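Visitor: Quick one: structure below, then a few questions.
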Amino acid sequence: MSTTRRQTGDVESVAYADPPPDHSGTGPFRAPRPDERVRVRLHGHPRTYVVRVSTSGREPRITELTITADDGQAVDYAALRSIPARRLAYSAVQWLARAGGAFAFPGDQAETHTRPDDADPRVWDAAQIADRALALGLPVRQTVADELTISTRTADRLLAKAKAEGFIDAADLPKRPQPRQKDTNR
């Protein structure tokens with residue numbers, strides 16, 4: 001299995017942005033309102049983003065955005081141009097849908113929703129499938145090809161790009177296909 005390294009832009013934490021409006025929600029469990037503001041920290045960003053999102057439409061949209069710089073930093077024009085709006089919107093909506101992080105859905109794991117914004121989705125998916133195939137002892141190339149419905153040559157190219165971008169460790173992938181197992185039932 002490859003070790004997941006945090007990259008700039010990966011979601012570091014998501015939490016409530018504001019204290020509860022009254023003392024009724026301060027018990028052991030507080031469910032966020034759908035229109036509540038959410039605080040998002042991204043790895044490598046020296047600022048905190050507070051967003052309010054709307055889910056009307058095909059994808060979540062940011063309806064309010066507040067940026068607070070860390071101590072000693074400034075929110076300059078370059079920071080304003082490089083706001084990862086989609087990452088912030090999706091992270092906030094996922095956190096709200098999970099009742100403020102109180103529960104998870106099957107298949108959730110730390111790496112599930114941390115694909116960098118600038119990564120090619122097919123390369124990222126190929127890396128995740130390869131990682132799972134290695135863990136299950138399945139043939140990597142063929143599993144990636146079958147699940148993405150592509151040829152094994154295209155799977156090889158995607159896996160090479162995934163290695164180059166650091167999504168998977170080159171040492172993890174076998175150099176040649178696994179040997180065929182003999183049928184022991186005969």
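Note on naming: chains are A, B, ... as they come in the structure tokens, residues start from 1 per chain, ligands start from 1 in the order shown.
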I'd like the neighbourhood of stretch 10-19 of chain A as an MDAnalysis selection string, where a residue qualifies if any of its atoms comes within 6 Å (using only C-alpha atoms), though same-chain residues fewer than 5 positions away should be ignored.
Guide: chainID A and resid 37:43 114
Visitor: Restricted to all heavy atoms, what would the selected residues look like written as a short mmCIF file (atom, residue, chain, number, x, y, z; two decimals), in the first residue's frame?
Guide:
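See result_24.cif below for the written result:
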data_model
loop_
_atom_site.label_atom_id
_atom_site.label_comp_id
_atom_site.auth_asym_id
_atom_site.auth_seq_id
_atom_site.Cartn_x
_atom_site.Cartn_y
_atom_site.Cartn_z
N ARG A 37 -22.80 28.34 8.69
CA ARG A 37 -21.46 28.62 8.20
C ARG A 37 -20.51 27.53 8.67
O ARG A 37 -20.61 27.04 9.79
CB ARG A 37 -20.98 29.98 8.70
CG ARG A 37 -21.77 31.12 8.09
CD ARG A 37 -21.46 32.50 8.60
NE ARG A 37 -20.46 32.62 9.61
CZ ARG A 37 -19.43 33.47 9.56
NH1 ARG A 37 -19.25 34.24 8.53
NH2 ARG A 37 -18.57 33.54 10.56
N VAL A 38 -19.54 27.17 7.81
CA VAL A 38 -18.61 26.09 8.07
C VAL A 38 -17.18 26.61 7.92
O VAL A 38 -16.88 27.34 6.97
CB VAL A 38 -18.86 24.91 7.09
CG1 VAL A 38 -17.85 23.81 7.30
CG2 VAL A 38 -20.27 24.39 7.24
N ARG A 39 -16.29 26.23 8.86
CA ARG A 39 -14.88 26.63 8.81
C ARG A 39 -14.07 25.50 8.19
O ARG A 39 -14.14 24.36 8.62
CB ARG A 39 -14.38 26.92 10.23
CG ARG A 39 -12.97 27.44 10.25
CD ARG A 39 -12.47 27.68 11.66
NE ARG A 39 -12.20 26.37 12.27
CZ ARG A 39 -12.70 25.96 13.43
NH1 ARG A 39 -13.50 26.73 14.12
NH2 ARG A 39 -12.40 24.79 13.91
N VAL A 40 -13.28 25.82 7.17
CA VAL A 40 -12.48 24.82 6.45
C VAL A 40 -11.02 25.25 6.47
O VAL A 40 -10.70 26.39 6.13
CB VAL A 40 -12.96 24.65 4.99
CG1 VAL A 40 -12.15 23.60 4.27
CG2 VAL A 40 -14.45 24.32 4.93
N ARG A 41 -10.12 24.33 6.85
CA ARG A 41 -8.67 24.55 6.78
C ARG A 41 -8.13 23.63 5.70
O ARG A 41 -8.48 22.45 5.64
CB ARG A 41 -7.99 24.20 8.11
CG ARG A 41 -8.14 25.19 9.22
CD ARG A 41 -7.40 26.46 9.01
NE ARG A 41 -5.96 26.24 8.88
CZ ARG A 41 -5.09 27.22 8.87
NH1 ARG A 41 -5.47 28.45 8.99
NH2 ARG A 41 -3.81 26.96 8.75
N LEU A 42 -7.27 24.16 4.85
CA LEU A 42 -6.63 23.38 3.80
C LEU A 42 -5.14 23.29 4.10
O LEU A 42 -4.53 24.28 4.55
CB LEU A 42 -6.87 24.00 2.43
CG LEU A 42 -8.33 24.13 2.00
CD1 LEU A 42 -8.42 24.82 0.65
CD2 LEU A 42 -9.00 22.78 1.95
N HIS A 43 -4.56 22.13 3.82
CA HIS A 43 -3.14 21.92 4.07
C HIS A 43 -2.31 22.86 3.18
O HIS A 43 -2.54 22.97 1.98
CB HIS A 43 -2.78 20.46 3.78
CG HIS A 43 -1.36 20.12 4.07
ND1 HIS A 43 -0.87 20.02 5.34
CD2 HIS A 43 -0.31 19.90 3.25
CE1 HIS A 43 0.40 19.72 5.29
NE2 HIS A 43 0.77 19.66 4.04
N THR A 114 -10.04 13.72 -0.83
CA THR A 114 -8.91 14.63 -0.74
C THR A 114 -8.17 14.80 -2.05
O THR A 114 -7.05 15.23 -2.06
CB THR A 114 -7.91 14.14 0.33
OG1 THR A 114 -7.48 12.84 -0.01
CG2 THR A 114 -8.51 14.17 1.70
#
Visitor: Fewer than 4 positions away in the same chain doesn't count, so skip those; otherwise give me all residues within 7 Å of A:Arg47, counting only C-alpha atoms, as a ChimeraX atom specification.
Guide: /A:67-70
Visitor: Export, as a PDB file, in the first residue's frame, the selected residues with C-alpha atoms.
Guide:
ATOM      1  CA  ILE A  67     -10.994  34.518   4.644  1.00  0.00           C
ATOM      2  CA  THR A  68      -8.972  34.947   7.812  1.00  0.00           C
ATOM      3  CA  ALA A  69      -5.183  34.976   7.508  1.00  0.00           C
ATOM      4  CA  ASP A  70      -2.995  33.245  10.091  1.00  0.00           C
TER       5      ASP A  70
END
Visitor: Run DSSP on the backbone and tell me which residues of stretch 47-171 of chain A come out as strand (DSSP E or B); list them as a VMD selection string.
Guide: chain A and resid 47 to 54 61 to 69
Visitor: Which value, in Å to one decimal, gives the distance between atom CA of A:Leu65 and atom CA of A:Val50?
Guide: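 Calculated distance between atom CA of A:Leu65 and atom CA of A:Val50 is 5.7 Å.
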Visitor: Could you check the closest approach to A:Asp76 for each of A:Ser56, A:Val51, A:Arg61, A:Pro46 and tell me which residue wins, using only C-alpha atoms?
Guide: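 Distance minimum relative to A:Asp76 lands on A:Pro46.
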Visitor: Just want the 9 Å neighbourhood of stretch 155-160 of chain A, counted on only C-alpha atoms, with same-chain residues fewer than 2 positions away dropped. Output as a list in words.
Guide: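 Within the cut-off, the hits are Arg122, Val123, Trp124, Ala126, Ala127, Ala130, Arg141, Gln142, Val144, Ala145, Leu148, Ile150, Ser151, Thr152, Arg153, Ala162, Lys163, Ala164, Glu165, Ile168 and Ala170 of chain A.
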Visitor: For those residues, write all heavy atoms to a file as a compact mmCIF listing (two decimals), in the first residue's frame.
Guide:
# COMPACT_ATOMS: atom_id res chain seq x y z
N ARG A 122 -9.09 10.90 -13.85
CA ARG A 122 -8.81 9.52 -14.26
C ARG A 122 -7.51 9.01 -13.66
O ARG A 122 -7.42 7.85 -13.26
CB ARG A 122 -8.77 9.41 -15.79
CG ARG A 122 -10.14 9.51 -16.39
CD ARG A 122 -10.18 9.39 -17.88
NE ARG A 122 -9.01 8.78 -18.48
CZ ARG A 122 -9.04 8.06 -19.59
NH1 ARG A 122 -10.16 7.86 -20.20
NH2 ARG A 122 -7.94 7.58 -20.10
N VAL A 123 -6.51 9.87 -13.55
CA VAL A 123 -5.24 9.47 -12.95
C VAL A 123 -5.45 9.19 -11.46
O VAL A 123 -4.96 8.20 -10.93
CB VAL A 123 -4.16 10.56 -13.16
CG1 VAL A 123 -2.89 10.24 -12.39
CG2 VAL A 123 -3.85 10.72 -14.64
N TRP A 124 -6.20 10.06 -10.79
CA TRP A 124 -6.49 9.86 -9.37
C TRP A 124 -7.27 8.57 -9.15
O TRP A 124 -6.96 7.78 -8.25
CB TRP A 124 -7.28 11.06 -8.85
CG TRP A 124 -7.66 10.94 -7.40
CD1 TRP A 124 -8.88 10.59 -6.91
CD2 TRP A 124 -6.81 11.12 -6.27
NE1 TRP A 124 -8.84 10.57 -5.55
CE2 TRP A 124 -7.59 10.89 -5.13
CE3 TRP A 124 -5.48 11.47 -6.12
CZ2 TRP A 124 -7.07 10.99 -3.85
CZ3 TRP A 124 -4.98 11.57 -4.83
CH2 TRP A 124 -5.77 11.33 -3.72
N ALA A 126 -7.38 5.93 -11.08
CA ALA A 126 -6.49 4.79 -11.37
C ALA A 126 -5.59 4.50 -10.18
O ALA A 126 -5.37 3.34 -9.82
CB ALA A 126 -5.65 5.07 -12.62
N ALA A 127 -5.08 5.54 -9.53
CA ALA A 127 -4.22 5.35 -8.36
C ALA A 127 -4.99 4.72 -7.21
O ALA A 127 -4.48 3.82 -6.52
CB ALA A 127 -3.63 6.69 -7.92
N ALA A 130 -5.66 1.07 -8.07
CA ALA A 130 -4.41 0.31 -7.96
C ALA A 130 -4.08 0.04 -6.50
O ALA A 130 -3.66 -1.07 -6.13
CB ALA A 130 -3.27 1.06 -8.63
N ARG A 141 -2.88 -3.96 -13.13
CA ARG A 141 -3.17 -3.41 -14.46
C ARG A 141 -4.56 -3.81 -14.93
O ARG A 141 -5.32 -2.98 -15.42
CB ARG A 141 -2.15 -3.89 -15.48
CG ARG A 141 -0.76 -3.37 -15.27
CD ARG A 141 0.25 -4.01 -16.21
NE ARG A 141 -0.01 -3.68 -17.59
CZ ARG A 141 -0.16 -4.58 -18.57
NH1 ARG A 141 -0.06 -5.86 -18.34
NH2 ARG A 141 -0.39 -4.19 -19.79
N GLN A 142 -4.87 -5.07 -14.81
CA GLN A 142 -6.16 -5.58 -15.30
C GLN A 142 -7.32 -5.02 -14.47
O GLN A 142 -8.36 -4.69 -15.02
CB GLN A 142 -6.18 -7.11 -15.28
CG GLN A 142 -7.34 -7.69 -16.08
CD GLN A 142 -7.30 -7.29 -17.54
OE1 GLN A 142 -6.26 -7.36 -18.20
NE2 GLN A 142 -8.42 -6.83 -18.05
N VAL A 144 -7.41 -2.10 -12.87
CA VAL A 144 -7.59 -0.70 -13.26
C VAL A 144 -8.28 -0.63 -14.62
O VAL A 144 -9.22 0.15 -14.81
CB VAL A 144 -6.23 0.05 -13.29
CG1 VAL A 144 -6.37 1.42 -13.91
CG2 VAL A 144 -5.66 0.15 -11.89
N ALA A 145 -7.84 -1.43 -15.56
CA ALA A 145 -8.44 -1.44 -16.90
C ALA A 145 -9.91 -1.83 -16.85
O ALA A 145 -10.75 -1.19 -17.50
CB ALA A 145 -7.67 -2.38 -17.81
N LEU A 148 -12.13 0.98 -14.94
CA LEU A 148 -12.25 2.24 -15.68
C LEU A 148 -12.72 2.03 -17.11
O LEU A 148 -12.87 2.99 -17.87
CB LEU A 148 -10.92 2.99 -15.68
CG LEU A 148 -10.44 3.52 -14.32
CD1 LEU A 148 -9.08 4.19 -14.46
CD2 LEU A 148 -11.46 4.48 -13.73
N ILE A 150 -11.12 0.67 -19.76
CA ILE A 150 -10.08 1.14 -20.68
C ILE A 150 -9.18 -0.04 -21.03
O ILE A 150 -9.28 -1.10 -20.41
CB ILE A 150 -9.25 2.28 -20.06
CG1 ILE A 150 -8.65 1.84 -18.72
CG2 ILE A 150 -10.09 3.54 -19.89
CD1 ILE A 150 -7.74 2.87 -18.07
N SER A 151 -8.29 0.15 -21.98
CA SER A 151 -7.35 -0.90 -22.33
C SER A 151 -6.23 -0.95 -21.29
O SER A 151 -6.02 -0.01 -20.55
CB SER A 151 -6.76 -0.64 -23.72
OG SER A 151 -5.90 0.49 -23.68
N THR A 152 -5.49 -2.06 -21.29
CA THR A 152 -4.39 -2.18 -20.33
C THR A 152 -3.27 -1.20 -20.67
O THR A 152 -2.56 -0.75 -19.78
CB THR A 152 -3.84 -3.61 -20.27
OG1 THR A 152 -3.51 -4.04 -21.59
CG2 THR A 152 -4.84 -4.56 -19.63
N ARG A 153 -3.10 -0.86 -21.94
CA ARG A 153 -2.09 0.13 -22.33
C ARG A 153 -2.44 1.51 -21.77
O ARG A 153 -1.58 2.23 -21.28
CB ARG A 153 -1.93 0.19 -23.84
CG ARG A 153 -1.32 -1.09 -24.41
CD ARG A 153 -1.08 -0.94 -25.85
NE ARG A 153 -0.06 0.11 -26.03
CZ ARG A 153 0.72 0.21 -27.05
NH1 ARG A 153 0.63 -0.67 -28.01
NH2 ARG A 153 1.59 1.17 -27.15
N ALA A 162 0.23 8.59 -12.48
CA ALA A 162 -0.05 8.57 -11.04
C ALA A 162 1.25 8.45 -10.24
O ALA A 162 1.41 9.09 -9.20
CB ALA A 162 -1.00 7.43 -10.69
N LYS A 163 2.19 7.63 -10.75
CA LYS A 163 3.51 7.51 -10.10
C LYS A 163 4.25 8.84 -10.17
O LYS A 163 4.83 9.29 -9.19
CB LYS A 163 4.35 6.42 -10.77
CG LYS A 163 3.98 5.02 -10.37
CD LYS A 163 5.02 4.06 -10.89
CE LYS A 163 4.46 3.26 -12.02
NZ LYS A 163 5.41 2.30 -12.57
N ALA A 164 4.22 9.48 -11.35
CA ALA A 164 4.95 10.73 -11.55
C ALA A 164 4.38 11.84 -10.65
O ALA A 164 5.13 12.70 -10.18
CB ALA A 164 4.88 11.16 -13.01
N GLU A 165 3.07 11.84 -10.42
CA GLU A 165 2.45 12.87 -9.59
C GLU A 165 2.49 12.54 -8.11
O GLU A 165 2.04 13.32 -7.28
CB GLU A 165 1.02 13.12 -10.05
CG GLU A 165 0.96 13.75 -11.43
CD GLU A 165 -0.45 14.08 -11.87
OE1 GLU A 165 -1.33 14.22 -11.00
OE2 GLU A 165 -0.67 14.19 -13.08
N ILE A 168 0.84 7.31 -6.10
CA ILE A 168 1.19 5.96 -5.67
C ILE A 168 2.70 5.83 -5.64
O ILE A 168 3.40 6.54 -6.36
CB ILE A 168 0.56 4.86 -6.58
CG1 ILE A 168 0.89 5.10 -8.04
CG2 ILE A 168 -0.91 4.74 -6.36
CD1 ILE A 168 0.36 4.03 -8.97
N ALA A 170 6.04 4.05 -6.54
CA ALA A 170 6.49 3.20 -7.65
C ALA A 170 6.94 1.83 -7.15
O ALA A 170 6.83 0.84 -7.86
CB ALA A 170 7.61 3.88 -8.42
